[in-house]
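Have a look at the structure below, then the notes.
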Amino acid sequence: MSNAFLLRLMHAAELNEQEIEAVEELCRQPREIGAKKYLSRDGDEMVSFPVILSGWAARYQILRNGARQITRLLLPGDAFYFDSSPDGIAIEEVITLSPCKIVNILHSDMRRVIDRFPAVGEAMRSYGCMENAVLSSWVVNVGRRDALERMAHLICESHYRLSMVDPKIGNQIYFPLTQDDLADVLGLTPVHINRKLQQLRQEELITLRSKQLAILDLRTLQQIAGFDPAYLAPRTQMEFEREHLRVVAA
């Protein structure tokens, strides 16, 4: 099974064969989009929501002084139908950070599927709760953790989220973020980012070459970050996910 969006929903709720087929049908017309392409702009009418089937994207806001704050990284399996105000207008910019495979799902099509298959609606509700939990975690990351803790937490969270759609991912992940991107995620300067990456390398916790990040000591990274994956998983799966994390870290 290679549909990352479907795999994310299946982490959130048990889906039967018909429900799986319905979600697959929603994703039947993906398109390839290059890096640094806009998926939505502030003020766009959101009659559909894009889903990332592969690649990385980001949503962000631009301040009056031109500075950028990335407010969410969108990884394989992520949707961003929450990126609109109550009147259906986008309130942030969304851009690809790498080549992506995207499918746009009409809100009306999703509503029809949810009306027919309530379990899909429950999975989407659970996904929405996870998005809110990630946002809260990011607020804590930027507001209270020091620079090294912020970096370690972002790496641990990204690795865990990717493992949800690829259980065989191991200790190496595709990591297309530039130092400028990392600065805009973590609220630091690129110079500060460079120093912390060097520190993680020198302490033999990671290597990062050609957009490939290898985690050499996941357990220590988790300890530095104070990372607990419970906010990323439904409570019914929490013990399974913690056991999965222990196996990966061993």
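In the structure tokens, each chain is lettered A, B, ... as it comes, each chain's residues begin at 1, and ligands are numbered from 1 in order of appearance.
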
Self-check item: Surrounding residues of region 65-70 of chain A excluding itself and chain neighbours under 6 positions, 8 Å, only C-alpha atoms, as a list in words
Solution: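 Counting only C-alpha atoms, the residues come to Ala58, Arg59, Asp181, Asp184, Val185 and Gly187 of chain A.
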
Quiz prompt | Near-region 31-38 of chain A list (7 Å; only C-alpha atoms; drop same-chain fewer than 6 positions) as a list in words | solution =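 The residues satisfying every condition are Val94, Ile95, Thr96, Leu97, Ser98, Pro99, Cys100, Lys101, Ile102 and Val103 of chain A.
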
Selection export as a short mmCIF file (atom, residue, chain, number, x, y, z; two decimals), in the first residue's frame, atoms kept: N, CA, C and O atoms:
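Final file, out.cif:
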data_model
loop_
_atom_site.label_atom_id
_atom_site.label_comp_id
_atom_site.auth_asym_id
_atom_site.auth_seq_id
_atom_site.Cartn_x
_atom_site.Cartn_y
_atom_site.Cartn_z
N VAL A 94 1.22 28.41 1.11
CA VAL A 94 1.70 27.02 1.16
C VAL A 94 2.57 26.79 -0.06
O VAL A 94 2.15 27.06 -1.21
N ILE A 95 3.80 26.32 0.16
CA ILE A 95 4.76 26.15 -0.92
C ILE A 95 5.44 24.80 -0.80
O ILE A 95 5.64 24.29 0.31
N THR A 96 5.78 24.20 -1.93
CA THR A 96 6.52 22.95 -1.91
C THR A 96 7.99 23.22 -1.56
O THR A 96 8.58 24.20 -2.02
N LEU A 97 8.56 22.36 -0.75
CA LEU A 97 9.98 22.45 -0.41
C LEU A 97 10.82 21.47 -1.23
O LEU A 97 12.04 21.57 -1.25
N SER A 98 10.16 20.53 -1.87
CA SER A 98 10.80 19.53 -2.72
C SER A 98 9.80 19.17 -3.81
O SER A 98 8.63 19.57 -3.75
N PRO A 99 10.21 18.43 -4.83
CA PRO A 99 9.21 17.90 -5.76
C PRO A 99 8.16 17.10 -5.00
O PRO A 99 8.49 16.32 -4.09
N CYS A 100 6.91 17.30 -5.34
CA CYS A 100 5.81 16.67 -4.61
C CYS A 100 4.82 16.02 -5.57
O CYS A 100 4.68 16.43 -6.73
N LYS A 101 4.14 15.01 -5.05
CA LYS A 101 2.95 14.47 -5.72
C LYS A 101 1.75 14.91 -4.89
O LYS A 101 1.66 14.61 -3.70
N ILE A 102 0.84 15.63 -5.53
CA ILE A 102 -0.28 16.28 -4.85
C ILE A 102 -1.59 15.82 -5.47
O ILE A 102 -1.69 15.63 -6.68
N VAL A 103 -2.60 15.66 -4.63
CA VAL A 103 -3.96 15.46 -5.15
C VAL A 103 -4.86 16.47 -4.45
O VAL A 103 -4.74 16.71 -3.25
#

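Counting from CA of Cys27 (chain A), the distance to CA of Pro50 (chain A) is 10.0 Å.
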
Practice problem: Write out as a PyMOL selection string the residues lying within 7 Å of Phe5 (chain A), counting only C-alpha atoms and excluding same-chain residues fewer than 6 positions away. | Solution: chain A and resi 53+77-78

Residues just named, written with N, CA and C atoms as an mmCIF file, in the first residue's frame:
data_model
loop_
_atom_site.group_PDB
_atom_site.id
_atom_site.type_symbol
_atom_site.label_atom_id
_atom_site.label_comp_id
_atom_site.auth_asym_id
_atom_site.auth_seq_id
_atom_site.Cartn_x
_atom_site.Cartn_y
_atom_site.Cartn_z
ATOM 1 N N LEU A 53 1.006 13.441 -1.235
ATOM 2 C CA LEU A 53 1.221 11.993 -1.345
ATOM 3 C C LEU A 53 2.703 11.651 -1.274
ATOM 4 N N GLY A 77 1.360 12.209 3.287
ATOM 5 C CA GLY A 77 0.160 11.827 4.019
ATOM 6 C C GLY A 77 -0.595 12.994 4.607
ATOM 7 N N ASP A 78 0.016 14.190 4.616
ATOM 8 C CA ASP A 78 -0.631 15.349 5.230
ATOM 9 C C ASP A 78 -1.607 16.026 4.274
#

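Counting from CA of Gly88 (chain A), the distance to CA of Leu6 (chain A) is 24.3 Å.
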
Exercise. List every residue of region 23-203 of chain A that DSSP, applied to the backbone, labels as helix (DSSP H, G or I), and write the result as a PyMOL selection string.
Key: chain A and resi 23-26+107-116+118-144+147-163+179-186+190-202

Quiz prompt | Those of region 153-231 of chain A in DSSP strand (DSSP E or B), formatted as a list in words | solution =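 Everything in region 153-231 of chain A that counts as strand (DSSP E or B) is Gln172, Ile173, Tyr174, Ile206, Thr207, Leu208, Arg209, Gln212, Leu213, Ala214 and Ile215 of chain A.
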
For N, CA and C atoms, I'd like the residues from the last selection saved as a compact mmCIF listing (two decimals), in the first residue's frame.
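New file selection14.txt:
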# COMPACT_ATOMS: atom_id res chain seq x y z
N GLN A 172 17.34 6.63 8.52
CA GLN A 172 17.69 7.65 7.54
C GLN A 172 16.44 8.17 6.86
N ILE A 173 16.32 9.50 6.77
CA ILE A 173 15.15 10.12 6.16
C ILE A 173 15.57 11.16 5.14
N TYR A 174 14.71 11.36 4.17
CA TYR A 174 14.86 12.48 3.24
C TYR A 174 14.55 13.75 4.00
N ILE A 206 23.82 12.82 14.48
CA ILE A 206 23.27 12.80 13.13
C ILE A 206 24.39 12.98 12.11
N THR A 207 24.08 12.64 10.86
CA THR A 207 24.83 13.13 9.71
C THR A 207 23.80 13.70 8.74
N LEU A 208 24.21 14.68 7.96
CA LEU A 208 23.31 15.32 6.99
C LEU A 208 24.09 15.64 5.74
N ARG A 209 23.80 14.88 4.67
CA ARG A 209 24.49 15.07 3.41
C ARG A 209 23.49 14.91 2.26
N GLN A 212 19.92 14.00 2.84
CA GLN A 212 19.69 12.74 3.53
C GLN A 212 20.18 12.89 4.96
N LEU A 213 19.27 12.75 5.91
CA LEU A 213 19.61 12.88 7.32
C LEU A 213 19.62 11.51 7.96
N ALA A 214 20.75 11.12 8.51
CA ALA A 214 20.87 9.84 9.22
C ALA A 214 20.90 10.12 10.71
N ILE A 215 20.02 9.46 11.44
CA ILE A 215 19.96 9.60 12.89
C ILE A 215 20.81 8.48 13.49

Exercise. For Glu203 (chain A), please output as number ranges by chain all residues within 12 Å (counting only C-alpha atoms; exclusion window: fewer than 2 positions along the same chain).
Key: A: 148, 196-201, 205-207, 215-217, 220-221

Exercise. Using only C-alpha atoms, find the one residue out of A:Thr178, A:Arg161, A:Asp42, A:Asn104 that sits nearest to Ser210 (chain A).
Key: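 Under the stated criterion, the closest residue is A:Thr178.
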
Self-check item: Residue with smallest distance to Leu73 (chain A) - pool A:Phe117, A:Phe175, A:Tyr127, A:Phe49, counting only C-alpha atoms
Solution: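 Using only C-alpha atoms, Leu73 (chain A) sits closest to A:Phe175.
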
Practice problem: Record the distance separating CA of Leu74 (chain A) and CA of Cys156 (chain A), expressed in Å with one decimal. | Solution: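 Taking CA of Leu74 (chain A) as the start and CA of Cys156 (chain A) as the end point, the length is 15.1 Å.
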
Quiz prompt | Shell around Glu92 (chain A) at 10 Å using only C-alpha atoms, local window under 6 positions removed, as a PyMOL selection string | solution = chain A and resi 40-44+58-62+70-71+83-85

Keeping N, CA, C and O atoms, export the residues of the selection given above as a PDB file, in the first residue's frame.
ATOM      1  N   SER A  40      -1.062  27.126  -2.449  1.00  0.00           N
ATOM      2  CA  SER A  40      -2.144  28.076  -2.190  1.00  0.00           C
ATOM      3  C   SER A  40      -1.523  29.386  -1.745  1.00  0.00           C
ATOM      4  O   SER A  40      -0.388  29.411  -1.255  1.00  0.00           O
ATOM      5  N   ARG A  41      -2.273  30.459  -1.920  1.00  0.00           N
ATOM      6  CA  ARG A  41      -1.815  31.792  -1.524  1.00  0.00           C
ATOM      7  C   ARG A  41      -2.813  32.394  -0.553  1.00  0.00           C
ATOM      8  O   ARG A  41      -4.004  32.076  -0.573  1.00  0.00           O
ATOM      9  N   ASP A  42      -2.327  33.260   0.302  1.00  0.00           N
ATOM     10  CA  ASP A  42      -3.186  33.978   1.229  1.00  0.00           C
ATOM     11  C   ASP A  42      -4.305  34.662   0.446  1.00  0.00           C
ATOM     12  O   ASP A  42      -4.049  35.422  -0.489  1.00  0.00           O
ATOM     13  N   GLY A  43      -5.553  34.375   0.809  1.00  0.00           N
ATOM     14  CA  GLY A  43      -6.700  34.974   0.135  1.00  0.00           C
ATOM     15  C   GLY A  43      -7.357  34.084  -0.901  1.00  0.00           C
ATOM     16  O   GLY A  43      -8.433  34.411  -1.399  1.00  0.00           O
ATOM     17  N   ASP A  44      -6.723  32.945  -1.229  1.00  0.00           N
ATOM     18  CA  ASP A  44      -7.332  32.019  -2.196  1.00  0.00           C
ATOM     19  C   ASP A  44      -8.604  31.405  -1.616  1.00  0.00           C
ATOM     20  O   ASP A  44      -8.688  31.103  -0.422  1.00  0.00           O
ATOM     21  N   ALA A  58       5.451  23.342   2.938  1.00  0.00           N
ATOM     22  CA  ALA A  58       5.382  24.130   4.170  1.00  0.00           C
ATOM     23  C   ALA A  58       4.313  25.194   4.028  1.00  0.00           C
ATOM     24  O   ALA A  58       4.059  25.705   2.945  1.00  0.00           O
ATOM     25  N   ARG A  59       3.693  25.501   5.143  1.00  0.00           N
ATOM     26  CA  ARG A  59       2.805  26.660   5.180  1.00  0.00           C
ATOM     27  C   ARG A  59       3.482  27.738   6.016  1.00  0.00           C
ATOM     28  O   ARG A  59       4.184  27.425   6.989  1.00  0.00           O
ATOM     29  N   TYR A  60       3.285  28.990   5.658  1.00  0.00           N
ATOM     30  CA  TYR A  60       4.018  30.041   6.339  1.00  0.00           C
ATOM     31  C   TYR A  60       3.290  31.363   6.233  1.00  0.00           C
ATOM     32  O   TYR A  60       2.356  31.531   5.443  1.00  0.00           O
ATOM     33  N   GLN A  61       3.746  32.322   7.048  1.00  0.00           N
ATOM     34  CA  GLN A  61       3.257  33.686   6.995  1.00  0.00           C
ATOM     35  C   GLN A  61       4.440  34.632   6.851  1.00  0.00           C
ATOM     36  O   GLN A  61       5.533  34.345   7.348  1.00  0.00           O
ATOM     37  N   ILE A  62       4.194  35.730   6.155  1.00  0.00           N
ATOM     38  CA  ILE A  62       5.213  36.760   5.971  1.00  0.00           C
ATOM     39  C   ILE A  62       4.877  37.951   6.857  1.00  0.00           C
ATOM     40  O   ILE A  62       3.746  38.445   6.844  1.00  0.00           O
ATOM     41  N   ILE A  70       7.651  29.763   9.200  1.00  0.00           N
ATOM     42  CA  ILE A  70       7.001  28.523   8.781  1.00  0.00           C
ATOM     43  C   ILE A  70       6.207  27.992   9.971  1.00  0.00           C
ATOM     44  O   ILE A  70       6.753  27.796  11.055  1.00  0.00           O
ATOM     45  N   THR A  71       4.908  27.789   9.757  1.00  0.00           N
ATOM     46  CA  THR A  71       4.022  27.387  10.845  1.00  0.00           C
ATOM     47  C   THR A  71       3.681  25.905  10.815  1.00  0.00           C
ATOM     48  O   THR A  71       3.102  25.394  11.769  1.00  0.00           O
ATOM     49  N   ASP A  83      -6.300  24.959   6.450  1.00  0.00           N
ATOM     50  CA  ASP A  83      -5.599  26.222   6.139  1.00  0.00           C
ATOM     51  C   ASP A  83      -6.532  27.276   5.581  1.00  0.00           C
ATOM     52  O   ASP A  83      -6.192  27.997   4.654  1.00  0.00           O
ATOM     53  N   SER A  84      -7.723  27.371   6.081  1.00  0.00           N
ATOM     54  CA  SER A  84      -8.639  28.399   5.606  1.00  0.00           C
ATOM     55  C   SER A  84      -9.407  28.962   6.784  1.00  0.00           C
ATOM     56  O   SER A  84      -9.546  28.334   7.822  1.00  0.00           O
ATOM     57  N   SER A  85      -9.891  30.158   6.631  1.00  0.00           N
ATOM     58  CA  SER A  85     -10.716  30.774   7.653  1.00  0.00           C
ATOM     59  C   SER A  85     -12.123  30.192   7.565  1.00  0.00           C
ATOM     60  O   SER A  85     -12.434  29.439   6.638  1.00  0.00           O
TER      61      SER A  85
END

Quiz item: In terms of the shortest atom-to-atom distance over only C-alpha atoms, which of A:Ala79, A:Val23, A:Ala230, A:Val47 is closest to Tyr160 (chain A)?
Solution: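 Closest candidate: A:Ala230.
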
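Of the residues under consideration (A:Asp146, A:Asp109, A:Asp166, A:Glu122), A:Asp109 shows the shortest atom-to-atom contact distance to Leu26 (chain A) when counting only C-alpha atoms.
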